[in-house]
Amino acid sequence: ARMLPQSLARVVGRLASHSLLHVIVLLSISRTYSLYVNYSAPMRLLDALPALPVEQEQGQHVNVCVGGEWHHFPSSFFLPGPAYRLAFVDSSFGGLLPADFDAAAGGTSSAPPYLNDGNRKAPETILADPSQCNYLMELRFGSDASGLEVGTSVVSAGMELEVAAVASFLDSGASPALTRAFYIPKLSSKKNTYGKFLLLKNSRKP
């Protein structure tokens with residue numbers, strides 16, 4: 001078999017390596033954008049929380065509550081101010097929830113007595129009275145999400161709440177593996193199924 005001239009082989013090799021690099025870059029961008037489109041709803045909802053006046057920042061806490069979808073909560077660093085506090089309401093989740101950071105008790109080195117190595121639910125980590133929630137973050141799919149828009153009144157955790165913000169969140173169980181893993185223009189929005197992540201406001205709380 002005849003060998004390619006050395007100069008031509010070098011050109012072909014460069015084209016192949018550049019093409020592979022471009023494919024990797026495109027797949028990386030597609031994957032990153034897919035994660036943003038499909039799963040950034042909790043962060044976008046926290047952006048909708050109002051900034052508080054200075055005097056209220058120094059007053060009582062504003063509870064942002066989560067239930068069974070607590071693991072989607074990104075971080076307290078995304079809350080708009082120190083007056084806001086993450087709180088957990090009771091749900092079907094039966095494991096141990098994260099504890100509050102308590103600098104006075106030693107911060108990350110403290111070990112509250114209710115912590116355990118069996119991942120058992122501890123009532124001390126749960127807000128006993130859900131009506132103390134100023135806001136509640138909740139994820140709904142299918143018919144449960146139908147018709148829910150900003151301003152809609154809903155009942156959740158035994159309270160009547162108002163939808164303050166809505167963001168789409170991927171229903172991974174009802175979406176194809178390829179289009180949920182990578183963003184493909186026009187195809188992903190057509191093939192994927194989305195639910196609604198809601199930021200619900202307790203109108204009875206200031």
# chains A, B, ... in the order shown; residues from 1 in each chain; ligands from 1
>>> residues_around(residues="Ala48 in chain A", least_positions_apart="3", cutoff="8 Å", atoms="only C-alpha atoms", output="ChimeraX atom specification")
/A:44-45,164-165
>>> residues_around(residues="Ser172 in chain A", least_positions_apart="6", cutoff="9 Å", atoms="only C-alpha atoms", output="list of chain:residue names")
A:Arg180, A:Asn192, A:Thr193, A:Tyr194
>>> closest_residue(among="A:Leu8, A:Leu187, A:Ala51, A:Val89", to="Ile126 in chain A", atoms="only C-alpha atoms")
A:Val89
>>> residues_around(residues="Tyr183 in chain A", least_positions_apart="2", cutoff="6 Å", atoms="only C-alpha atoms", output="ChimeraX atom specification")
/A:30,34,188
>>> write_last_selection(atoms="N, CA and C atoms", output="PDB file, in the first residue's frame")
ATOM      1  N   SER A  30     -22.751  22.018  25.267  1.00  0.00           N
ATOM      2  CA  SER A  30     -24.101  21.453  25.236  1.00  0.00           C
ATOM      3  C   SER A  30     -24.478  20.866  26.591  1.00  0.00           C
ATOM      4  N   SER A  34     -27.272  22.371  29.123  1.00  0.00           N
ATOM      5  CA  SER A  34     -28.357  21.465  29.493  1.00  0.00           C
ATOM      6  C   SER A  34     -28.575  21.477  31.004  1.00  0.00           C
ATOM      7  N   SER A 188     -34.397  19.407  22.150  1.00  0.00           N
ATOM      8  CA  SER A 188     -34.491  19.207  23.600  1.00  0.00           C
ATOM      9  C   SER A 188     -35.812  19.743  24.147  1.00  0.00           C
TER      10      SER A 188
END
>>> residues_around(residues="His72 in chain A", least_positions_apart="3", cutoff="10 Å", atoms="only C-alpha atoms", output="mmCIF file with N, CA and C atoms, in the first residue's frame")
data_model
loop_
_atom_site.group_PDB
_atom_site.id
_atom_site.type_symbol
_atom_site.label_atom_id
_atom_site.label_comp_id
_atom_site.auth_asym_id
_atom_site.auth_seq_id
_atom_site.Cartn_x
_atom_site.Cartn_y
_atom_site.Cartn_z
ATOM 1 N N TYR A 39 -31.904 22.294 35.338
ATOM 2 C CA TYR A 39 -31.842 22.151 36.795
ATOM 3 C C TYR A 39 -31.560 23.446 37.563
ATOM 4 N N SER A 40 -31.557 24.596 36.908
ATOM 5 C CA SER A 40 -31.201 25.835 37.617
ATOM 6 C C SER A 40 -32.398 26.503 38.291
ATOM 7 N N ALA A 41 -33.565 25.886 38.217
ATOM 8 C CA ALA A 41 -34.782 26.511 38.764
ATOM 9 C C ALA A 41 -34.647 26.963 40.222
ATOM 10 N N PRO A 42 -34.098 26.143 41.133
ATOM 11 C CA PRO A 42 -34.009 26.605 42.526
ATOM 12 C C PRO A 42 -33.212 27.895 42.678
ATOM 13 N N MET A 43 -32.109 28.039 41.952
ATOM 14 C CA MET A 43 -31.307 29.262 42.048
ATOM 15 C C MET A 43 -32.062 30.458 41.482
ATOM 16 N N VAL A 66 -38.328 24.298 52.733
ATOM 17 C CA VAL A 66 -38.296 23.242 51.718
ATOM 18 C C VAL A 66 -38.797 21.951 52.365
ATOM 19 N N GLY A 68 -39.821 17.760 50.763
ATOM 20 C CA GLY A 68 -39.192 16.560 50.221
ATOM 21 C C GLY A 68 -38.167 16.827 49.143
ATOM 22 N N GLU A 69 -38.184 18.034 48.549
ATOM 23 C CA GLU A 69 -37.211 18.382 47.510
ATOM 24 C C GLU A 69 -36.043 19.183 48.079
ATOM 25 N N SER A 75 -27.721 26.323 48.073
ATOM 26 C CA SER A 75 -26.876 26.725 49.197
ATOM 27 C C SER A 75 -27.476 27.969 49.821
ATOM 28 N N MET A 137 -40.627 26.476 49.005
ATOM 29 C CA MET A 137 -40.226 26.034 47.668
ATOM 30 C C MET A 137 -40.761 24.626 47.443
ATOM 31 N N LEU A 139 -41.785 21.519 44.289
ATOM 32 C CA LEU A 139 -41.680 21.034 42.915
ATOM 33 C C LEU A 139 -42.912 20.206 42.576
#
>>> select_by_dssp(residues="range 25-178 of chain A", states="strand (DSSP E)", output="count of residues only")
32
>>> select_by_dssp(residues="range 20-188 of chain A", states="helix (DSSP H, G or I)", output="PyMOL selection string")
chain A and resi 20-39+41-47+54-57+70-72+76-78+103-105+107-109+123-125+130-132+142-145+172-174+177-181+187-188
>>> residues_around(residues="range 140-156 of chain A", least_positions_apart="5", cutoff="6 Å", atoms="only C-alpha atoms", output="PyMOL selection string")
chain A and resi 161-165+195-196
>>> closest_residue(among="A:Ala128, A:Ile184, A:Ala9, A:Leu170", to="Phe197 in chain A", atoms="only C-alpha atoms")
A:Leu170
>>> closest_residue(among="A:Thr179, A:Ser168, A:Thr108, A:Asn116", to="Leu96 in chain A", atoms="only C-alpha atoms")
A:Asn116
>>> atom_distance(atom1="CA of Ala105 in chain A", atom2="CA of Leu79 in chain A")
22.7 Å
>>> closest_residue(among="A:Ser91, A:Tyr135, A:Ala174, A:Pro185", to="Asn63 in chain A", atoms="only C-alpha atoms")
A:Tyr135
>>> residues_around(residues="Ser92 in chain A", least_positions_apart="2", cutoff="9 Å", atoms="only C-alpha atoms", output="ChimeraX atom specification")
/A:67-68,90,94
>>> atom_distance(atom1="CA of Pro176 in chain A", atom2="CA of Asn38 in chain A")
12.8 Å
>>> atom_distance(atom1="CA of Phe73 in chain A", atom2="CA of Pro98 in chain A")
11.5 Å
